[in-house]
Amino acid sequence: MMPILSMVVLIPLIFAALALFTKTKEQARAIALAGTVIVLLLTVYMYFNFDSTIADNQFEELAQWVPSLGINYHLGVDGISMPLILLNAIVLPLLVMFTWNDERKSPNKFYALILATEGAVIGVFTSLDFFLFYIFWELTLIPLFFMVSIWGGPNKHHAAIKFFIYTHVASLVMLLGIFGLYFAAWDMTGTPTLDIPTLIGQFQYIESGIAKDMIFLALLFGFIVKIPSFPFHSWLPDAYTEAPTAGSVLFVMLKIGGYGLFKVMLPMLPFTASPNLMITIMAVLGSVSILYGAFLALSQKDLKRMVAYSSISHMGYVTLGAAGLVSLSVSGAMFQQFSHGLIMSIMFMSCGVINSTTGTRIINDLGGLAKKMPKLAVIMVFTFMASLGLPGLTGFIAEVSVLAGSFINLPAYVIVALSAIVITAAYHLWALQRAMFGVFNEKLGTVVDINGYQTFSMGIIAILILYFGLNPSPVFDMMLTNSEHIISLMAVMGV
Amino acid sequence: MDMMLFAPELTLVLTGLAVILIGLFIPTDSKKILGYLASLGVIVALFLTVASLGTEATAFNDTVSIDALSQFFKIVFLVVALLFTISGIKYTEGNSHTEEFFALGLFATIGMMFVASANDLMVLFVAFELASIATYALAGFEKKNPKSLEAAMKYFIIGSLSAALMLLGISYLYGATGTTSIPGIAANSAVLASSPMGIVAVVLLIAGFGFKIALVPFHMWAPDTYQGAPSVVSALLAAGSKKMGIVAALKVFVVALIALKADWQIAFAILAVVTMTYGNVVALNQTSVKRMLAYSSLAQAGYITMAFVVLTPLALGGGIFYALSHGFMKAGAFIATAAVTYMVLSENKDSTDPDHIDNFRGLGKRMPITALCLTVFVFALAGIPLTAGYMSKFILFSSTIQAGFVWLAVIAILNSAISLYYYAKIVKYMYFLPTDGEKISEPFPYTVAMIIAVIGVLVIGFWSEPFVYWAMEAAKVLIPGGM
């Protein structure tokens, strides 16, 4: 069998190196498109050969790397990672299409960084060894750092450094947690291993309750800063807003924090010394993020900043759903990651288009754009509806599953989150009304609608939002299988 | 036959003598050949050492031993010596004292190698001095450059002081135990533990080795010396001579004075924390790249010192492995600054601070290979994954957690995060700031040396297994039964 996972990880990285050596924009974008399309084809092939009825890791690859420390090259995908790989594989070629005609300095580096990010992110989703996982985890930082600091907005250096230091420190704390788990297991079994499934399995046998809680909290911290969740979200508005459009979309594709929550945290949760405390921590962070993010979004003047804050609010559902601990809420949270990736890509693309044609993103300076940009207006209204949770689109399914599922165990937190729904609707509709409808602001000068490439890529994503909104089962089924597997672990413990 | 065990050292002795003799008879223009000869000698010695990995023997009445520890460190020293001699070919171009440069470099390497093999404190001290005296002269190699002279003078005075302290410490050990043999002292350590002489000896020895390893507060000479000495020599000092201090300290403390562990462990803990924090924080503000690398070198020594605190086989193995990685990273980084110095001086002969960070502006366009190599070195020093630096930190930091020193690991990891800032600054200058300088051709020997070091950094980072294995074997020599 061919090592399909290695190919999915390495092809973007190899094409990134190739793109770096190109001389013109035409060559660079062609390489980027070729690389991302190959990854898409491989992922689609993988998807159709994926068995969504079992929760095991599939397409596994295993080779020894540093045996004396128990480090292996171990890859595999399950129902948690498969949809996220699919999400990246679908959006990245469309992102390349979206930027097809843009003019910018050093296009070779630009496309190389897009490809490098794709390889690193898929690497995180496929790694089943903590050493490898951490390498890819850190590798995602570097291209995004350069993405912001080279092509970003006026405040790019501040935003890039803040993003880097914030998430780097969080990764180091996570690394401490990994070390703790590694040695606790090593002391028990006498053989070192960094294998993720093995270590998660051995977590329950660690004797010291304090050690278990410390390990859990250190890992949790690493993940929730990446999600990001209140109160560790302050890097996000700066980084998302200052990044170029493609960078913002790449940030949205960076679903590694939530992934870690499902893949590593939930299977360990019932075996911590104080599972109820951990559930409360996650539930509080999730529900506060939903409400607080929505309030902040409501008060933003800059359209892109508003979208960035709405992202915090939406990712709160991921944390809350994970803490809900019933299969419906957990799979809903996984689906929220998938749905949020699609919706936010269009939201940021829209902000990018508006900014480049009108020269501003301040909502009050815009107005009546729908008349001048009809194609953008259609797609944007559609996406805003998806984002605020209109039934029939992906956002609705995800949020309803999370809220309904979590209500069983965490009714109080769900009520807090529910109160945010009104605000969510308010800031979406209000922004839409001020920016797109009403009287056109003549000061904006000549305004051009989105070009064919942009329409194509945004249109395809919009169609997918509708498709998965009407028929979520192609990805929801595998999420449900894995959620039920996680919940069955809980049942054993009686949590 | 005992002598055959020392074939690598003998090769270097013969090469060194040959370099001096041939140098007397050939004109300055053709002295380039001496650099090739010296490099060849080092390569042969390196092969002989690698081939003898796994040999265990003692020689000369048990005063010298061959084991995994000694061979591992010899490889570190020879690798650094190789980078030194290759880049020296360019550095000494047209200099009439070429033969002295290479011969001193080779003799210093022999001294370091005998320190790694020493099984007796007298051998250790003599070898230590052989390496030190040769490097004093090398630091002052640019006789007309006041900075180089200042560097040599400081290094010499402080080095002599530290040698005196060390010798005094050794004499206390001899007085208390009646032997200078390292295993002999370990066997009589009960005497030391019960007498105040033991404590005095520990204090003197920590100060003596502290100077060589440049631990704060014994570090005052290091930034001035590393900055003032020729960059190629700084590479030898930071990457080679410092490791000699570490291997000597490993032998004296972990083997001979293990019974006094409680006394020196805490001292090393404080020194490690203070050194790494001071080094990283002061490095943040430097405008001279060599000085920045000097402070970063302090920080790295602080990390390695953690091995003396944790004292588990994994930590010692990690420290030893770190020494190898650091050899490649630091020597490479100093050679890259040598290449930049060469570039600046070839444009403006009177430039007073050729290693100022402003000279690194736009280096990515002016000297693409040097810039790329330096990027790899600083990222490795910062501990970015898939480099030797990451693997080293991974083992060393994780071992501190294993042993329960979580606070130490947290401090080290935070330091590591701080260090990223100044390393990234170099990269920012090289790739993101504009320059009006022209692209220039990169000196070939420097490029070769840097590429060897880059390959070393990446191979150790990626294909770590054999290096980790031998580092762990070396650690077993220090504490055979584990702790």
# chains A, B, ... in the order shown; residues from 1 in each chain; ligands from 1
>>> residues_around(residues="A:Val288", least_positions_apart="3", cutoff="12 Å", atoms="only C-alpha atoms", output="ChimeraX atom specification")
/A:229-233,280-285,291-296,312-317,319-320,412-420
>>> write_last_selection(atoms="N, CA and C atoms", output="tab-separated table (two decimals), in the first residue's frame")
chain	number	residue	atom	x	y	z
A	229	SER	N	-9.53	30.43	23.28
A	229	SER	CA	-10.68	30.57	24.14
A	229	SER	C	-10.41	31.71	25.11
A	230	PHE	N	-11.48	32.40	25.52
A	230	PHE	CA	-11.36	33.37	26.59
A	230	PHE	C	-10.68	32.70	27.76
A	231	PRO	N	-9.77	33.24	28.51
A	231	PRO	CA	-9.20	34.59	28.44
A	231	PRO	C	-7.84	34.65	27.71
A	232	PHE	N	-7.59	33.67	26.84
A	232	PHE	CA	-6.28	33.62	26.18
A	232	PHE	C	-6.42	33.95	24.69
A	233	HIS	N	-7.36	34.82	24.38
A	233	HIS	CA	-7.71	35.05	22.99
A	233	HIS	C	-7.07	36.30	22.41
A	280	THR	N	-15.90	21.62	34.44
A	280	THR	CA	-16.36	22.97	34.75
A	280	THR	C	-15.45	24.01	34.11
A	281	ILE	N	-14.13	23.77	34.18
A	281	ILE	CA	-13.20	24.74	33.57
A	281	ILE	C	-13.52	24.90	32.09
A	282	MET	N	-13.66	23.78	31.42
A	282	MET	CA	-13.90	23.85	29.97
A	282	MET	C	-15.25	24.49	29.68
A	283	ALA	N	-16.25	24.15	30.46
A	283	ALA	CA	-17.59	24.69	30.21
A	283	ALA	C	-17.60	26.20	30.43
A	284	VAL	N	-16.92	26.65	31.50
A	284	VAL	CA	-16.88	28.09	31.76
A	284	VAL	C	-16.17	28.80	30.62
A	285	LEU	N	-15.00	28.28	30.24
A	285	LEU	CA	-14.24	28.94	29.17
A	285	LEU	C	-15.06	28.98	27.89
A	291	LEU	N	-20.27	34.20	24.74
A	291	LEU	CA	-20.97	35.44	25.08
A	291	LEU	C	-20.05	36.65	24.91
A	292	TYR	N	-18.84	36.52	25.44
A	292	TYR	CA	-17.90	37.64	25.44
A	292	TYR	C	-17.47	37.98	24.02
A	293	GLY	N	-17.19	36.95	23.22
A	293	GLY	CA	-16.80	37.17	21.83
A	293	GLY	C	-17.90	37.88	21.08
A	294	ALA	N	-19.16	37.49	21.34
A	294	ALA	CA	-20.28	38.11	20.64
A	294	ALA	C	-20.40	39.58	21.01
A	295	PHE	N	-20.25	39.89	22.31
A	295	PHE	CA	-20.34	41.30	22.74
A	295	PHE	C	-19.23	42.13	22.10
A	296	LEU	N	-18.02	41.57	22.10
A	296	LEU	CA	-16.91	42.32	21.50
A	296	LEU	C	-17.13	42.53	20.01
A	312	ILE	N	-13.99	34.03	17.81
A	312	ILE	CA	-13.82	33.60	19.22
A	312	ILE	C	-15.13	33.06	19.74
A	313	SER	N	-16.21	33.78	19.42
A	313	SER	CA	-17.53	33.37	19.88
A	313	SER	C	-17.87	31.99	19.33
A	314	HIS	N	-17.63	31.78	18.04
A	314	HIS	CA	-17.99	30.50	17.44
A	314	HIS	C	-17.13	29.36	17.95
A	315	MET	N	-15.86	29.65	18.20
A	315	MET	CA	-15.00	28.58	18.70
A	315	MET	C	-15.35	28.23	20.14
A	316	GLY	N	-16.04	29.13	20.83
A	316	GLY	CA	-16.52	28.80	22.17
A	316	GLY	C	-17.43	27.58	22.15
A	317	TYR	N	-18.19	27.41	21.05
A	317	TYR	CA	-19.05	26.23	20.95
A	317	TYR	C	-18.23	24.94	20.93
A	319	THR	N	-15.38	24.38	22.56
A	319	THR	CA	-14.99	24.05	23.93
A	319	THR	C	-16.21	23.59	24.73
A	320	LEU	N	-17.32	24.31	24.57
A	320	LEU	CA	-18.52	23.96	25.33
A	320	LEU	C	-19.00	22.56	24.94
A	412	ALA	N	-26.90	25.12	32.89
A	412	ALA	CA	-26.67	26.53	33.22
A	412	ALA	C	-25.79	27.21	32.17
A	413	TYR	N	-24.75	26.49	31.73
A	413	TYR	CA	-23.84	27.08	30.76
A	413	TYR	C	-24.50	27.27	29.41
A	414	VAL	N	-25.39	26.33	29.09
A	414	VAL	CA	-26.09	26.45	27.81
A	414	VAL	C	-26.99	27.69	27.81
A	415	ILE	N	-27.57	27.98	28.95
A	415	ILE	CA	-28.44	29.16	29.01
A	415	ILE	C	-27.61	30.43	28.79
A	416	VAL	N	-26.41	30.47	29.36
A	416	VAL	CA	-25.52	31.60	29.10
A	416	VAL	C	-25.24	31.71	27.60
A	417	ALA	N	-24.93	30.56	26.99
A	417	ALA	CA	-24.61	30.58	25.56
A	417	ALA	C	-25.81	30.99	24.73
A	418	LEU	N	-26.98	30.52	25.15
A	418	LEU	CA	-28.20	30.84	24.39
A	418	LEU	C	-28.42	32.35	24.32
A	419	SER	N	-28.10	33.01	25.43
A	419	SER	CA	-28.34	34.45	25.44
A	419	SER	C	-27.47	35.15	24.41
A	420	ALA	N	-26.39	34.49	23.99
A	420	ALA	CA	-25.51	35.12	23.00
A	420	ALA	C	-26.10	35.05	21.61
>>> residues_around(residues="stretch 364-370 of chain B", least_positions_apart="6", cutoff="6 Å", atoms="only C-alpha atoms", output="ChimeraX atom specification")
/B:336,430-431,439-440
>>> write_last_selection(atoms="C-alpha atoms", output="mmCIF file, in the first residue's frame")
data_model
loop_
_atom_site.group_PDB
_atom_site.id
_atom_site.type_symbol
_atom_site.label_atom_id
_atom_site.label_comp_id
_atom_site.auth_asym_id
_atom_site.auth_seq_id
_atom_site.Cartn_x
_atom_site.Cartn_y
_atom_site.Cartn_z
ATOM 1 C CA ALA B 336 29.355 32.873 9.546
ATOM 2 C CA MET B 430 19.384 39.362 7.130
ATOM 3 C CA TYR B 431 16.125 38.888 5.267
ATOM 4 C CA LYS B 439 26.053 40.914 -3.831
ATOM 5 C CA ILE B 440 29.564 39.571 -3.245
#
>>> residues_around(residues="stretch 114-122 of chain A", least_positions_apart="4", cutoff="9 Å", atoms="only C-alpha atoms", output="PyMOL selection string")
chain A and resi 8-17+19+32+35-36+81+84-85+88-89+92+96+109-110+126-127+135-144+147+246-247+250+253-256
>>> write_last_selection(atoms="C-alpha atoms", output="short mmCIF file (atom, residue, chain, number, x, y, z; two decimals), in the first residue's frame")
data_model
loop_
_atom_site.label_atom_id
_atom_site.label_comp_id
_atom_site.auth_asym_id
_atom_site.auth_seq_id
_atom_site.Cartn_x
_atom_site.Cartn_y
_atom_site.Cartn_z
CA VAL A 8 -0.40 14.23 1.96
CA VAL A 9 2.00 15.78 4.46
CA LEU A 10 5.12 15.87 2.32
CA ILE A 11 3.70 16.97 -1.02
CA PRO A 12 2.74 20.45 0.21
CA LEU A 13 6.15 20.82 1.85
CA ILE A 14 7.97 19.71 -1.31
CA PHE A 15 5.86 22.01 -3.46
CA ALA A 16 6.56 24.79 -0.98
CA ALA A 17 10.29 24.34 -1.60
CA ALA A 19 7.53 27.46 -5.19
CA ALA A 32 0.76 26.21 -5.54
CA GLY A 35 0.41 21.05 -5.02
CA THR A 36 -2.90 21.79 -3.36
CA SER A 81 -8.88 14.21 11.91
CA LEU A 84 -10.32 18.47 9.21
CA ILE A 85 -7.86 17.18 6.61
CA ASN A 88 -7.88 21.94 4.52
CA ALA A 89 -7.59 20.00 1.29
CA LEU A 92 -6.49 25.51 0.10
CA VAL A 96 -4.91 29.78 -4.28
CA LYS A 109 7.51 33.24 -0.84
CA PHE A 110 3.79 33.90 -0.50
CA THR A 126 -2.01 12.88 11.10
CA SER A 127 0.73 12.53 13.75
CA ILE A 135 7.29 19.35 15.52
CA PHE A 136 4.36 19.96 13.19
CA TRP A 137 2.59 21.96 15.88
CA GLU A 138 5.54 24.37 16.07
CA LEU A 139 6.04 24.28 12.33
CA THR A 140 2.60 25.83 11.80
CA LEU A 141 3.82 28.92 13.63
CA ILE A 142 6.67 29.80 11.32
CA PRO A 143 4.90 30.27 7.96
CA LEU A 144 2.05 32.13 9.62
CA MET A 147 2.74 35.61 6.42
CA ALA A 246 -4.87 34.50 2.62
CA GLY A 247 -3.19 34.57 6.03
CA LEU A 250 -4.91 30.01 6.89
CA MET A 253 -7.79 26.48 8.80
CA LEU A 254 -5.59 26.10 11.89
CA LYS A 255 -8.03 23.92 13.77
CA ILE A 256 -5.30 22.18 15.74
#
>>> interface_residues(of="chain B", to="chain A", cutoff="9 Å", atoms="only C-alpha atoms", output="list in words")
Ile384, Pro385, Leu386, Phe394, Ile395, Phe397, Ser398, Ser399, Ile401, Gln402, Val406, Ala409, Val410, Ile413, Leu414, Ala417, Ile418, Tyr421, Phe432, Phe462, Trp463, Ser464, Glu465, Pro466, Val468 and Tyr469 of chain B
>>> select_by_dssp(residues="stretch 139-257 of chain B", states="helix (DSSP H, G or I)", output="number ranges by chain")
B: 139, 146-177, 182-187, 189-194, 196-213, 221-228, 231-256
>>> closest_residue(among="B:Thr287, B:Asn359, B:Ser296, B:Thr177", to="B:Gly198", atoms="only C-alpha atoms")
B:Thr177
>>> residues_around(residues="B:Val76", least_positions_apart="3", cutoff="7 Å", atoms="only C-alpha atoms", output="MDAnalysis selection string")
chainID B and resid 72:73 79:80 324 327
